[in-house]
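*Asks:* Just so it is clear, I am handing over my_file19.txt, which has compact mmCIF, C-alpha atoms.
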# COMPACT_ATOMS: atom_id res chain seq x y z
CA MET H 108 33.49 6.10 7.42
CA LYS H 109 36.52 4.11 6.43
CA PRO H 110 37.83 0.90 8.00
CA ALA H 111 40.61 1.17 10.56
CA ALA H 112 44.05 0.01 9.46
CA PHE H 113 44.85 -3.68 9.78
CA ALA H 114 47.68 -6.04 8.95
CA TYR H 115 46.94 -7.86 5.70
CA HIS H 116 47.84 -11.44 4.80
CA ARG H 117 47.22 -12.99 1.40
CA PRO H 118 48.04 -16.71 1.70
CA ARG H 119 48.30 -18.70 -1.52
CA SER H 120 47.62 -22.14 -0.04
CA LEU H 121 45.45 -23.65 2.69
CA ALA H 122 48.53 -24.66 4.68
CA GLU H 123 49.85 -21.11 4.55
CA ALA H 124 46.45 -19.70 5.58
CA LEU H 125 46.26 -22.05 8.58
CA ASP H 126 49.84 -21.22 9.63
CA VAL H 127 49.11 -17.49 9.50
CA LEU H 128 45.87 -17.96 11.47
CA ALA H 129 47.71 -20.05 14.08
CA GLU H 130 50.33 -17.35 14.45
CA LEU H 131 47.79 -14.54 14.75
CA GLY H 132 45.51 -16.34 17.20
CA ALA H 133 42.72 -14.08 18.46
CA ASP H 134 44.05 -11.13 16.41
CA GLY H 135 43.33 -12.83 13.10
CA LYS H 136 40.06 -12.59 11.23
CA VAL H 137 39.30 -14.41 7.99
CA LEU H 138 38.23 -12.36 4.96
CA ALA H 139 36.30 -14.30 2.30
CA GLY H 140 33.40 -12.53 0.56
CA GLY H 141 33.44 -9.68 3.06
CA GLN H 142 29.83 -8.69 2.40
CA SER H 143 29.08 -8.56 6.13
CA LEU H 144 32.60 -7.92 7.45
CA VAL H 145 33.56 -4.97 5.24
CA PRO H 146 30.51 -2.81 6.08
CA LEU H 147 31.00 -3.62 9.78
CA MET H 148 34.59 -2.44 9.45
CA SER H 149 33.58 0.65 7.47
CA MET H 150 31.17 1.57 10.26
CA ARG H 151 33.94 0.81 12.80
CA LEU H 152 31.72 -1.74 14.50
CA SER H 153 34.56 -4.18 13.91
CA SER H 154 38.29 -3.37 13.81
CA PRO H 155 40.26 -6.61 13.49
CA ALA H 156 44.01 -6.25 13.99
CA ALA H 157 44.74 -8.54 11.06
CA LEU H 158 42.84 -9.97 8.11
CA VAL H 159 43.70 -13.26 6.47
CA ASP H 160 42.35 -12.95 2.92
CA VAL H 161 41.52 -16.47 1.72
CA ASN H 162 40.31 -15.34 -1.72
CA HIS H 163 43.50 -16.65 -3.32
CA VAL H 164 43.57 -20.03 -1.59
CA PRO H 165 42.98 -22.72 -4.23
CA GLY H 166 40.60 -25.60 -3.59
CA LEU H 167 38.04 -23.78 -1.45
CA ASP H 168 35.69 -22.71 -4.26
CA THR H 169 33.79 -25.98 -4.39
CA VAL H 170 30.26 -27.39 -4.37
CA GLU H 171 30.41 -31.18 -4.03
CA VAL H 172 27.30 -33.34 -4.15
CA ASP H 173 27.29 -37.03 -3.27
CA GLN H 174 24.61 -39.57 -2.33
CA ASP H 175 24.01 -38.15 1.13
CA THR H 176 25.32 -34.62 1.23
CA VAL H 177 26.00 -31.28 -0.39
CA ARG H 178 29.35 -29.89 0.71
CA VAL H 179 30.03 -26.21 0.12
CA GLY H 180 33.60 -24.90 0.30
CA ALA H 181 34.62 -21.71 2.08
CA LEU H 182 35.01 -19.72 -1.13
CA ALA H 183 31.83 -20.84 -2.91
CA ARG H 184 29.86 -17.64 -3.50
CA HIS H 185 26.12 -17.68 -2.80
CA THR H 186 25.44 -17.32 -6.54
CA ARG H 187 27.51 -20.40 -7.31
CA VAL H 188 25.64 -22.52 -4.76
CA GLU H 189 22.26 -21.10 -5.77
CA HIS H 190 22.74 -22.04 -9.44
CA ASP H 191 24.40 -25.43 -8.91
CA GLU H 192 21.95 -27.89 -10.49
CA ALA H 193 23.25 -30.96 -8.67
CA ALA H 194 22.97 -29.17 -5.32
CA TYR H 195 19.44 -28.08 -6.22
CA ALA H 196 18.43 -31.60 -7.15
CA ALA H 197 19.83 -32.94 -3.87
CA ALA H 198 18.56 -30.19 -1.56
CA PRO H 199 16.20 -27.66 -3.15
CA LEU H 200 16.01 -25.83 0.18
CA LEU H 201 19.45 -24.37 -0.48
CA ARG H 202 18.32 -22.50 -3.57
CA GLN H 203 14.94 -21.67 -2.01
CA ALA H 204 16.74 -19.92 0.85
CA LEU H 205 19.62 -18.42 -1.12
CA GLN H 206 17.22 -16.59 -3.43
CA LEU H 207 16.18 -14.60 -0.35
CA VAL H 208 19.74 -13.68 0.68
CA ALA H 209 20.21 -9.96 -0.12
CA HIS H 210 20.42 -9.05 -3.83
CA PRO H 211 22.19 -10.91 -6.66
CA THR H 212 25.00 -8.33 -6.57
CA ILE H 213 25.75 -9.20 -2.94
CA ARG H 214 25.38 -12.93 -3.62
CA ASN H 215 27.98 -12.67 -6.38
CA ARG H 216 30.64 -11.93 -3.76
CA GLY H 217 29.31 -13.19 -0.42
CA THR H 218 30.03 -16.79 0.54
CA SER H 219 27.62 -19.30 2.05
CA VAL H 220 30.13 -20.51 4.64
CA GLY H 221 30.89 -16.90 5.55
CA SER H 222 27.20 -16.29 6.15
CA LEU H 223 27.10 -19.28 8.54
CA VAL H 224 30.13 -18.06 10.49
CA HIS H 225 28.72 -14.53 10.64
CA ALA H 226 25.68 -16.08 12.40
CA ASP H 227 23.34 -13.16 11.97
CA PRO H 228 20.10 -14.17 13.74
CA ALA H 229 18.05 -12.90 10.79
CA SER H 230 20.03 -14.71 8.10
CA GLU H 231 18.64 -17.68 6.21
CA LEU H 232 21.56 -20.11 5.91
CA PRO H 233 21.91 -20.99 9.61
CA ALA H 234 18.28 -22.16 9.47
CA VAL H 235 19.05 -24.26 6.40
CA LEU H 236 22.07 -25.85 8.09
CA CYS H 237 19.85 -26.79 11.07
CA LEU H 238 17.01 -28.13 8.90
CA LEU H 239 19.37 -30.25 6.79
CA ASP H 240 21.23 -31.69 9.82
CA GLY H 241 24.39 -30.03 8.61
CA HIS H 242 27.76 -29.34 10.11
CA VAL H 243 30.63 -26.94 9.64
CA THR H 244 34.17 -28.25 9.25
CA LEU H 245 36.78 -26.19 11.09
CA ARG H 246 40.46 -26.61 10.28
CA THR H 247 43.54 -25.54 12.15
CA ALA H 248 47.19 -26.07 11.38
CA ASP H 249 47.00 -29.16 13.64
CA GLY H 250 43.75 -30.82 12.69
CA SER H 251 40.09 -30.48 12.01
CA ARG H 252 36.74 -30.87 13.73
CA ASP H 253 33.13 -31.00 12.60
CA VAL H 254 30.56 -29.04 14.58
CA ALA H 255 26.89 -29.89 14.11
CA ALA H 256 24.50 -27.04 13.36
CA GLU H 257 22.75 -27.36 16.72
CA HIS H 258 26.03 -26.65 18.55
CA PHE H 259 27.57 -24.25 16.05
CA PHE H 260 25.31 -21.22 16.57
CA ARG H 261 25.97 -19.78 20.01
CA GLY H 262 24.02 -16.54 19.88
CA PRO H 263 23.60 -13.38 17.83
CA MET H 264 26.71 -13.02 15.59
CA GLU H 265 28.41 -15.74 17.60
CA CYS H 266 29.43 -19.21 16.55
CA ASP H 267 31.73 -21.95 17.78
CA LEU H 268 34.77 -20.77 15.85
CA ARG H 269 37.99 -20.68 17.87
CA PRO H 270 41.05 -18.50 17.28
CA GLY H 271 43.26 -20.04 14.62
CA GLU H 272 40.42 -21.94 12.96
CA LEU H 273 39.24 -21.62 9.38
CA ALA H 274 35.75 -22.79 8.44
CA VAL H 275 36.73 -24.72 5.32
CA SER H 276 33.33 -26.11 4.40
CA ALA H 277 29.70 -26.60 5.37
CA THR H 278 27.98 -29.93 4.78
CA PHE H 279 24.22 -30.17 4.30
CA ARG H 280 22.51 -33.56 4.48
CA ARG H 281 20.13 -34.46 1.70
CA PRO H 282 16.66 -34.79 3.25
CA ALA H 283 14.94 -38.21 3.16
CA ALA H 284 13.59 -39.19 -0.24
CA GLY H 285 10.14 -37.72 -0.84
CA SER H 286 10.67 -34.80 1.53
CA ARG H 287 9.47 -31.40 0.43
CA THR H 288 10.86 -28.04 1.44
CA ALA H 289 10.17 -24.32 1.31
CA PHE H 290 11.55 -21.05 2.64
CA VAL H 291 9.40 -17.94 3.04
CA GLU H 292 9.96 -14.61 4.71
CA VAL H 293 8.68 -11.10 5.18
CA ALA H 294 11.15 -8.26 4.68
CA ARG H 295 10.48 -4.54 4.38
CA ARG H 296 11.93 -4.60 0.88
CA HIS H 297 12.88 -7.57 -1.24
CA GLY H 298 16.54 -8.33 -0.46
CA ASP H 299 16.49 -6.81 3.02
CA TYR H 300 17.09 -8.87 6.10
CA ALA H 301 13.90 -10.67 7.03
CA ILE H 302 11.75 -9.33 9.85
CA CYS H 303 10.87 -13.00 10.19
CA GLY H 304 11.71 -15.96 7.98
CA VAL H 305 10.73 -19.63 8.08
CA GLY H 306 12.16 -22.70 6.38
CA ALA H 307 10.52 -26.12 6.47
CA VAL H 308 11.22 -29.74 5.63
CA VAL H 309 8.10 -31.90 5.41
CA SER H 310 8.71 -35.65 5.47
CA PRO H 311 6.65 -38.07 3.39
CA ASP H 312 4.86 -39.21 6.59
CA GLY H 313 3.60 -35.66 7.25
CA ALA H 314 5.97 -34.86 10.11
CA ALA H 315 7.75 -31.56 9.66
CA ARG H 316 10.60 -29.52 10.96
CA VAL H 317 10.56 -25.76 10.72
CA ALA H 318 13.30 -23.26 11.51
CA LEU H 319 12.55 -19.60 12.20
CA VAL H 320 14.94 -16.68 11.81
CA GLY H 321 14.71 -13.09 12.98
CA VAL H 322 12.73 -14.01 16.08
CA GLY H 323 15.45 -15.01 18.52
CA ASP H 324 19.18 -15.27 19.14
CA GLY H 325 19.64 -17.72 16.28
CA PRO H 326 17.66 -20.16 14.19
CA ALA H 327 14.79 -21.63 16.25
CA LEU H 328 14.11 -25.24 15.31
CA VAL H 329 10.66 -26.74 15.92
CA ARG H 330 9.77 -30.40 15.34
CA LEU H 331 6.16 -31.08 14.47
CA THR H 332 5.11 -34.72 14.59
CA ASP H 333 1.74 -33.78 13.20
CA ALA H 334 1.93 -30.53 11.26
CA GLU H 335 -1.87 -30.54 10.82
CA ASP H 336 -2.51 -29.84 14.51
CA THR H 337 -2.58 -26.05 14.36
CA GLY H 338 -3.12 -25.45 18.07
CA ARG H 339 -0.17 -27.61 19.03
CA THR H 340 1.97 -26.07 16.27
CA ARG H 341 1.16 -22.63 17.64
CA SER H 342 2.27 -23.43 21.16
CA LEU H 343 5.47 -25.18 20.01
CA VAL H 344 6.41 -22.17 17.87
CA ASP H 345 5.58 -19.79 20.73
CA ALA H 346 7.85 -21.73 23.05
CA ALA H 347 10.76 -21.73 20.59
CA ILE H 348 10.95 -18.04 19.71
CA GLU H 349 11.97 -14.94 21.61
CA PRO H 350 11.12 -12.04 19.31
CA GLU H 351 12.40 -8.59 20.18
CA ALA H 352 11.25 -5.17 19.08
CA ASP H 353 13.40 -2.93 16.93
CA ILE H 354 12.85 0.10 14.69
CA HIS H 355 11.25 -2.10 12.02
CA ALA H 356 8.79 -4.23 13.96
CA SER H 357 7.41 -4.79 17.43
CA ALA H 358 7.92 -8.09 19.22
CA ASP H 359 4.17 -8.79 18.92
CA TYR H 360 4.24 -8.24 15.17
CA ARG H 361 7.22 -10.57 14.81
CA ARG H 362 5.36 -13.23 16.81
CA HIS H 363 2.33 -12.75 14.58
CA LEU H 364 4.52 -13.13 11.50
CA ALA H 365 6.12 -16.27 12.91
CA HIS H 366 2.75 -18.03 13.10
CA VAL H 367 1.56 -16.79 9.71
CA LEU H 368 4.84 -17.74 8.02
CA VAL H 369 5.01 -21.20 9.60
CA ARG H 370 1.59 -21.96 8.15
CA ARG H 371 2.49 -20.39 4.79
CA CYS H 372 5.79 -22.26 4.62
CA LEU H 373 4.23 -25.62 5.44
CA ASP H 374 1.52 -25.01 2.82
CA GLU H 375 4.13 -24.10 0.24
CA ALA H 376 6.27 -27.13 1.03
CA ARG H 377 3.29 -29.50 0.80
CA ALA H 378 2.31 -27.97 -2.55
CA ALA H 379 5.85 -28.35 -3.90
CA MET A 137 48.59 1.41 13.28
CA SER A 138 50.21 3.09 10.30
CA ASP A 139 49.20 1.91 6.87
CA VAL A 140 51.51 -0.52 5.13
CA LEU A 141 51.25 -0.51 1.35
CA VAL A 142 50.30 -3.78 -0.32
CA GLU A 143 50.99 -4.65 -3.93
CA VAL A 144 48.06 -5.63 -6.10
CA SER A 145 47.62 -6.03 -9.86
CA PHE A 146 44.33 -6.01 -11.75
CA SER A 147 42.85 -4.58 -14.89
CA VAL A 148 40.19 -1.91 -15.12
CA ASN A 149 38.29 -1.55 -18.40
CA GLY A 150 41.02 -3.58 -20.09
CA ALA A 151 43.95 -1.48 -18.85
CA PRO A 152 46.41 -3.25 -16.52
CA TYR A 153 47.38 -1.60 -13.24
CA ASP A 154 50.13 -2.49 -10.77
CA LEU A 155 49.32 -0.64 -7.58
CA GLU A 156 50.55 -0.25 -4.03
CA VAL A 157 47.68 0.68 -1.77
CA PRO A 158 46.82 0.46 1.93
CA ALA A 159 45.01 -2.83 2.62
CA ARG A 160 42.02 -0.98 4.06
CA ARG A 161 41.37 0.99 0.87
CA LEU A 162 38.03 0.08 -0.67
CA LEU A 163 37.85 -0.69 -4.38
CA SER A 164 35.49 2.28 -4.78
CA ASP A 165 38.16 4.62 -3.36
CA VAL A 166 40.96 3.10 -5.43
CA LEU A 167 38.91 3.61 -8.59
CA ARG A 168 38.01 7.20 -7.77
CA HIS A 169 41.04 8.53 -5.89
CA ASP A 170 43.98 6.50 -7.18
CA LEU A 171 42.88 5.81 -10.76
CA LEU A 172 40.73 8.96 -11.13
CA LEU A 173 37.91 6.92 -12.65
CA THR A 174 35.19 9.06 -11.09
CA GLY A 175 32.36 7.43 -13.02
CA THR A 176 31.86 5.01 -10.12
CA HIS A 177 29.88 6.86 -7.47
CA VAL A 178 29.87 6.25 -3.72
CA GLY A 179 26.51 6.67 -2.03
CA CYS A 180 25.92 4.82 1.20
CA GLU A 181 29.32 3.11 1.44
CA HIS A 182 27.84 0.07 3.15
CA GLY A 183 26.38 -1.92 0.30
CA VAL A 184 22.78 -0.74 0.32
CA CYS A 185 22.42 1.85 -2.46
CA GLY A 186 24.17 0.18 -5.39
CA ALA A 187 25.69 3.38 -6.85
CA CYS A 188 29.21 1.93 -6.72
CA THR A 189 28.34 -1.31 -8.54
CA VAL A 190 31.09 -2.47 -10.91
CA LEU A 191 31.64 -5.72 -12.80
CA LEU A 192 34.21 -8.08 -11.30
CA ASP A 193 35.23 -10.71 -13.83
CA GLY A 194 31.93 -9.90 -15.52
CA ALA A 195 29.60 -10.13 -12.52
CA PRO A 196 28.20 -7.11 -10.66
CA VAL A 197 29.56 -6.45 -7.17
CA ARG A 198 29.58 -3.51 -4.76
CA ALA A 199 32.93 -1.70 -5.03
CA CYS A 200 32.42 -0.31 -1.50
CA LEU A 201 32.28 -3.83 -0.02
CA ILE A 202 35.60 -5.09 -1.36
CA PHE A 203 39.15 -4.24 -0.39
CA ALA A 204 41.10 -3.54 -3.57
CA VAL A 205 44.01 -5.71 -2.34
CA SER A 206 41.69 -8.74 -2.54
CA LEU A 207 41.42 -8.43 -6.30
CA ASP A 208 44.89 -9.51 -7.42
CA GLY A 209 44.57 -10.92 -10.93
CA SER A 210 40.97 -9.77 -11.48
CA ALA A 211 39.33 -7.86 -14.34
CA ILE A 212 37.12 -4.93 -13.34
CA THR A 213 34.70 -3.04 -15.54
CA THR A 214 33.27 0.32 -14.46
CA THR A 215 30.60 2.43 -16.12
CA GLU A 216 33.39 4.01 -18.20
CA GLY A 217 34.02 0.53 -19.61
CA CYS A 218 30.36 0.14 -20.66
CA ARG A 219 30.80 2.55 -23.55
CA ALA A 220 30.70 1.60 -27.25
CA PRO A 221 33.90 0.46 -28.95
CA ASP A 222 34.10 3.82 -30.78
CA GLY A 223 34.18 5.66 -27.44
CA GLY A 224 30.57 6.87 -27.63
CA MET A 225 27.78 5.76 -25.33
CA GLY A 226 27.15 2.04 -25.06
CA PRO A 227 23.67 0.56 -25.53
CA VAL A 228 22.67 0.77 -21.86
CA GLN A 229 23.94 4.34 -21.56
CA ARG A 230 22.09 5.32 -24.77
CA ALA A 231 18.89 3.71 -23.50
CA PHE A 232 19.11 5.68 -20.23
CA HIS A 233 19.61 8.86 -22.27
CA GLU A 234 16.73 8.14 -24.66
CA CYS A 235 14.29 7.16 -21.93
CA HIS A 236 15.20 10.00 -19.53
CA ALA A 237 16.08 7.34 -16.98
CA LEU A 238 18.16 9.75 -14.90
CA GLN A 239 17.65 13.08 -13.25
CA CYS A 240 20.57 13.93 -10.96
CA GLY A 241 22.51 10.95 -12.34
CA PHE A 242 24.19 10.01 -9.08
CA CYS A 243 22.87 6.45 -9.07
CA THR A 244 23.22 5.92 -12.84
CA PRO A 245 26.72 4.32 -12.96
CA GLY A 246 25.52 1.50 -10.73
CA PHE A 247 22.46 0.95 -12.89
CA VAL A 248 24.54 0.92 -16.09
CA THR A 249 26.90 -1.80 -14.85
CA THR A 250 24.09 -3.86 -13.27
CA VAL A 251 21.93 -3.71 -16.40
CA THR A 252 24.88 -4.41 -18.72
CA ASP A 253 25.45 -7.74 -16.95
CA TYR A 254 21.75 -8.53 -16.59
CA LEU A 255 21.06 -8.25 -20.32
CA ARG A 256 23.80 -10.77 -21.10
CA HIS A 257 21.77 -13.40 -19.26
CA HIS A 258 18.26 -12.04 -19.95
CA PRO A 259 18.16 -10.61 -23.47
CA ALA A 260 14.43 -9.75 -23.51
CA PRO A 261 13.19 -8.92 -20.01
CA SER A 262 9.52 -8.23 -19.30
CA ARG A 263 8.62 -5.09 -17.37
CA GLU A 264 8.36 -7.15 -14.20
CA GLU A 265 11.72 -8.83 -14.80
CA ALA A 266 13.32 -5.46 -15.54
CA ARG A 267 12.00 -4.17 -12.22
CA GLU A 268 13.43 -7.18 -10.40
CA ALA A 269 16.78 -6.73 -12.18
CA ILE A 270 17.26 -3.27 -10.69
CA ALA A 271 15.85 -4.06 -7.24
CA GLY A 272 19.30 -3.76 -5.67
CA ASN A 273 19.88 -0.20 -6.89
CA LEU A 274 18.34 2.87 -5.30
CA CYS A 275 17.30 5.99 -7.22
CA ARG A 276 15.88 8.89 -5.25
CA CYS A 277 14.83 11.03 -8.23
CA THR A 278 13.04 9.14 -10.93
CA GLY A 279 10.50 6.85 -9.31
CA TYR A 280 12.04 4.08 -11.45
CA GLN A 281 9.42 4.12 -14.26
CA ASN A 282 11.84 5.44 -16.86
CA ILE A 283 14.63 3.23 -15.58
CA VAL A 284 12.49 0.15 -16.13
CA ALA A 285 11.68 1.47 -19.63
CA ALA A 286 15.41 1.99 -20.23
CA VAL A 287 16.22 -1.60 -19.27
CA GLN A 288 13.79 -2.81 -21.92
CA ARG A 289 15.02 -0.24 -24.47
CA ALA A 290 18.63 -1.28 -23.78
CA ALA A 291 17.65 -4.88 -24.50
CA GLU A 292 16.40 -3.76 -27.92
CA LEU A 293 19.57 -1.80 -28.62
CA VAL A 294 21.80 -4.70 -27.59
CA GLU A 295 19.73 -7.03 -29.78
CA GLY A 296 20.03 -4.59 -32.72
CA GLU A 297 23.82 -4.57 -32.37
CA ARG A 298 24.10 -8.33 -32.69
CA PRO A 299 25.77 -9.30 -35.95
Turn the structure described in the file into structure tokens.

*Replies:*
Amino acid sequence: MKPAAFAYHRPRSLAEALDVLAELGADGKVLAGGQSLVPLMSMRLSSPAALVDVNHVPGLDTVEVDQDTVRVGALARHTRVEHDEAAYAAAPLLRQALQLVAHPTIRNRGTSVGSLVHADPASELPAVLCLLDGHVTLRTADGSRDVAAEHFFRGPMECDLRPGELAVSATFRRPAAGSRTAFVEVARRHGDYAICGVGAVVSPDGAARVALVGVGDGPALVRLTDAEDTGRTRSLVDAAIEPEADIHASADYRRHLAHVLVRRCLDEARAA
Amino acid sequence: MSDVLVEVSFSVNGAPYDLEVPARRLLSDVLRHDLLLTGTHVGCEHGVCGACTVLLDGAPVRACLIFAVSLDGSAITTTEGCRAPDGGMGPVQRAFHECHALQCGFCTPGFVTTVTDYLRHHPAPSREEAREAIAGNLCRCTGYQNIVAAVQRAAELVEGERP
């Protein structure tokens, strides 16, 4: 199928983009990489009245690393973030997760901020934003606000983005010195959406935080004060997830995977 | 809503184009229907099969997942642009021919563009690396063995062409 017709806007500056978005209100949808939006439109699952194409807005294609954070601009493609050495040194979890996002060909066009806003419950980056205490910066013509990861993801394909807002960047906090991280998942084929995926940050003192994807409405964050206590870990994970059955896997199988992958991810992080 | 035409300028295989197309027209359709470059094939049309893969400013992307109007100022290379300077088959195309890496050929254009880019960054891939390189492209005929062989053969041919 082909996408339905829409009004097209190609702003050449951030100010122009924000003005157009303000004017369009709920009718406006931002087009960045389009790797989730375009297929949804082709299948007529989404038919926005107007697209605001930000691909020609200068200044959004950035990866900035400072002492505490990695800040990724709205037009930074997954590939760019994945291969950024300074970002990798600051937060290896970013690359560890991005390598699991679809195939390189998709990552060449898709953006990391777009993936966060898309908020697919099986996608990796929302889990990374949660694990790295991140936030998304939302701009309007009138101002800007930062929304922390824990409040940003509202449900499947739903985030706290209001009409007229543009998600201009995502900021990931560098984990405490000495922390180790990993991201593992099981997918039917490499590059497919995960049936279940798990990311982890293990602190030097042995405490850990894990985030699970594909087993609930959004990333499920679990704090483990003592990651060695397997019985306790099991019950905390069980309480945090709500796996559902689909054509690919039963709810029971997803729950089984969640436990296996939490253990595998923690082992991998500790060995890192 | 009736379609409004939008101006967009980009190059394809080195030739500049100034076009007016509906905003909803996919790059894959612009290439095939407006520019009559039918080398790019459309399989699934939602980004899964890889048949429509083209190079955008040198990097492989799915032509079915991009609106052509987004590409103002870009340089696109299709499988037609992966030929040799003399107009004959380029090294990746020759390798696919030599190794019998195609049967029906529907998926081949996407493999040619993907492999052309891959070999620029990985001049001597192992069998395992070659397999990983083509993991985003589906072929329903060959079983992939000869395609993997062709990736490695193409690496040799590219190497042999280096001055």

*Asks:* Any idea what's packed within 12 Å of H:Glu192, counting all atoms listed in the file, ignoring anything in its chain fewer than 2 positions away? Could you give it as a PyMOL selection string?

*Replies:* chain H and resi 170-172+177+186-190+194-199+201-202

*Asks:* Can you tell me how far atom CA of A:Glu234 sits from atom CA of A:Gln288, in Å to one decimal?

*Replies:* 11.7 Å

*Asks:* Which residue out of H:Leu182, H:Val309, H:Cys266, H:Val369 has the minimum interatomic distance to H:Arg341 when only C-alpha atoms are used?

*Replies:* H:Val369

*Asks:* Could you tell me how far atom CA of H:Ala133 lies from atom CA of H:Ser251, in Å and to one decimal?

*Replies:*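 Rounded to one decimal, the two atoms are 17.8 Å apart.
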
*Asks:* Could you tell me, as a PyMOL selection string, which residues have any atom at most 12 Å from (46.8, -13.1, 18.1), counting only C-alpha atoms?

*Replies:* chain H and resi 114+127-136+155-158+269-271

*Asks:* Go ahead and dump the residues you just picked, C-alpha atoms, as a PDB file, in the frame of the given file.

*Replies:*
ATOM      1  CA  ALA H 114      47.680  -6.040   8.950  1.00  0.00           C
ATOM      2  CA  VAL H 127      49.110 -17.490   9.500  1.00  0.00           C
ATOM      3  CA  LEU H 128      45.870 -17.960  11.470  1.00  0.00           C
ATOM      4  CA  ALA H 129      47.710 -20.050  14.080  1.00  0.00           C
ATOM      5  CA  GLU H 130      50.330 -17.350  14.450  1.00  0.00           C
ATOM      6  CA  LEU H 131      47.790 -14.540  14.750  1.00  0.00           C
ATOM      7  CA  GLY H 132      45.510 -16.340  17.200  1.00  0.00           C
ATOM      8  CA  ALA H 133      42.720 -14.080  18.460  1.00  0.00           C
ATOM      9  CA  ASP H 134      44.050 -11.130  16.410  1.00  0.00           C
ATOM     10  CA  GLY H 135      43.330 -12.830  13.100  1.00  0.00           C
ATOM     11  CA  LYS H 136      40.060 -12.590  11.230  1.00  0.00           C
ATOM     12  CA  PRO H 155      40.260  -6.610  13.490  1.00  0.00           C
ATOM     13  CA  ALA H 156      44.010  -6.250  13.990  1.00  0.00           C
ATOM     14  CA  ALA H 157      44.740  -8.540  11.060  1.00  0.00           C
ATOM     15  CA  LEU H 158      42.840  -9.970   8.110  1.00  0.00           C
ATOM     16  CA  ARG H 269      37.990 -20.680  17.870  1.00  0.00           C
ATOM     17  CA  PRO H 270      41.050 -18.500  17.280  1.00  0.00           C
ATOM     18  CA  GLY H 271      43.260 -20.040  14.620  1.00  0.00           C
TER      19      GLY H 271
END

*Asks:* Excluding H:Lys109 and residues on its chain fewer than 4 positions from it, collect all residues at most 10 Å away from it, counting all atoms listed in the file, and give them as a ChimeraX atom specification.

*Replies:* /H:145-146,148-151 /A:160-162,165,181,200

*Asks:* Quick check, in Å to one decimal: how far apart do atom CA of A:Thr252 and atom CA of H:Gly140 lie?

*Replies:*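 For atom CA of A:Thr252 relative to atom CA of H:Gly140, the distance reads 22.6 Å.
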
*Asks:* For chain A, list the residues within 6 Å of chain H, counting only C-alpha atoms, and write the list as a ChimeraX atom specification.

*Replies:* /A:160,182,196-197,201,272

*Asks:* With all atoms listed in the file as the basis for distance, which of A:Ala269, A:Val142, A:Val148, A:Ala231 is at the shortest distance from A:Gly209?

*Replies:* A:Val148

*Asks:* Counting all atoms listed in the file, what is within 8 Å of A:Glu156, bar same-chain residues fewer than 2 positions away, as a PyMOL selection string?

*Replies:* chain A and resi 141-144+154+158

*Asks:* My list of candidates is A:Val251, A:Cys180, A:Leu274, A:Ala260. Which is closest to A:Ser164 when distances are computed with all atoms listed in the file?

*Replies:*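 Among A:Val251, A:Cys180, A:Leu274, A:Ala260, it is A:Cys180 that comes nearest to A:Ser164.
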
*Asks:* What lies within 12 Å of H:Leu236 using all atoms listed in the file, ignoring chain neighbours under 2 positions off, as number ranges by chain?

*Replies:* H: 176-179, 198, 200-201, 204, 219-220, 222-224, 226, 230-234, 238-243, 254-260, 276-282, 306-308, 317-318, 325-328

*Asks:* Could you pull the residues within 6 Å of A:Thr189, counting all atoms listed in the file, minus those fewer than 6 positions along the same chain, as a PyMOL selection string?

*Replies:* chain A and resi 197-199+246

*Asks:* Please return as a PyMOL selection string every residue within 12 Å of (13.3, -22.3, 19.3), taking into account only C-alpha atoms and the file's own coordinates.

*Replies:* chain H and resi 228+234+237+257+305+316-330+342-350+365

*Asks:* Those same residues - C-alpha atoms - I'd like them written as an mmCIF file, in the frame of the given file.

*Replies:*
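Result file is result.cif:
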data_model
loop_
_atom_site.group_PDB
_atom_site.id
_atom_site.type_symbol
_atom_site.label_atom_id
_atom_site.label_comp_id
_atom_site.auth_asym_id
_atom_site.auth_seq_id
_atom_site.Cartn_x
_atom_site.Cartn_y
_atom_site.Cartn_z
ATOM 1 C CA PRO H 228 20.100 -14.170 13.740
ATOM 2 C CA ALA H 234 18.280 -22.160 9.470
ATOM 3 C CA CYS H 237 19.850 -26.790 11.070
ATOM 4 C CA GLU H 257 22.750 -27.360 16.720
ATOM 5 C CA VAL H 305 10.730 -19.630 8.080
ATOM 6 C CA ARG H 316 10.600 -29.520 10.960
ATOM 7 C CA VAL H 317 10.560 -25.760 10.720
ATOM 8 C CA ALA H 318 13.300 -23.260 11.510
ATOM 9 C CA LEU H 319 12.550 -19.600 12.200
ATOM 10 C CA VAL H 320 14.940 -16.680 11.810
ATOM 11 C CA GLY H 321 14.710 -13.090 12.980
ATOM 12 C CA VAL H 322 12.730 -14.010 16.080
ATOM 13 C CA GLY H 323 15.450 -15.010 18.520
ATOM 14 C CA ASP H 324 19.180 -15.270 19.140
ATOM 15 C CA GLY H 325 19.640 -17.720 16.280
ATOM 16 C CA PRO H 326 17.660 -20.160 14.190
ATOM 17 C CA ALA H 327 14.790 -21.630 16.250
ATOM 18 C CA LEU H 328 14.110 -25.240 15.310
ATOM 19 C CA VAL H 329 10.660 -26.740 15.920
ATOM 20 C CA ARG H 330 9.770 -30.400 15.340
ATOM 21 C CA SER H 342 2.270 -23.430 21.160
ATOM 22 C CA LEU H 343 5.470 -25.180 20.010
ATOM 23 C CA VAL H 344 6.410 -22.170 17.870
ATOM 24 C CA ASP H 345 5.580 -19.790 20.730
ATOM 25 C CA ALA H 346 7.850 -21.730 23.050
ATOM 26 C CA ALA H 347 10.760 -21.730 20.590
ATOM 27 C CA ILE H 348 10.950 -18.040 19.710
ATOM 28 C CA GLU H 349 11.970 -14.940 21.610
ATOM 29 C CA PRO H 350 11.120 -12.040 19.310
ATOM 30 C CA ALA H 365 6.120 -16.270 12.910
#
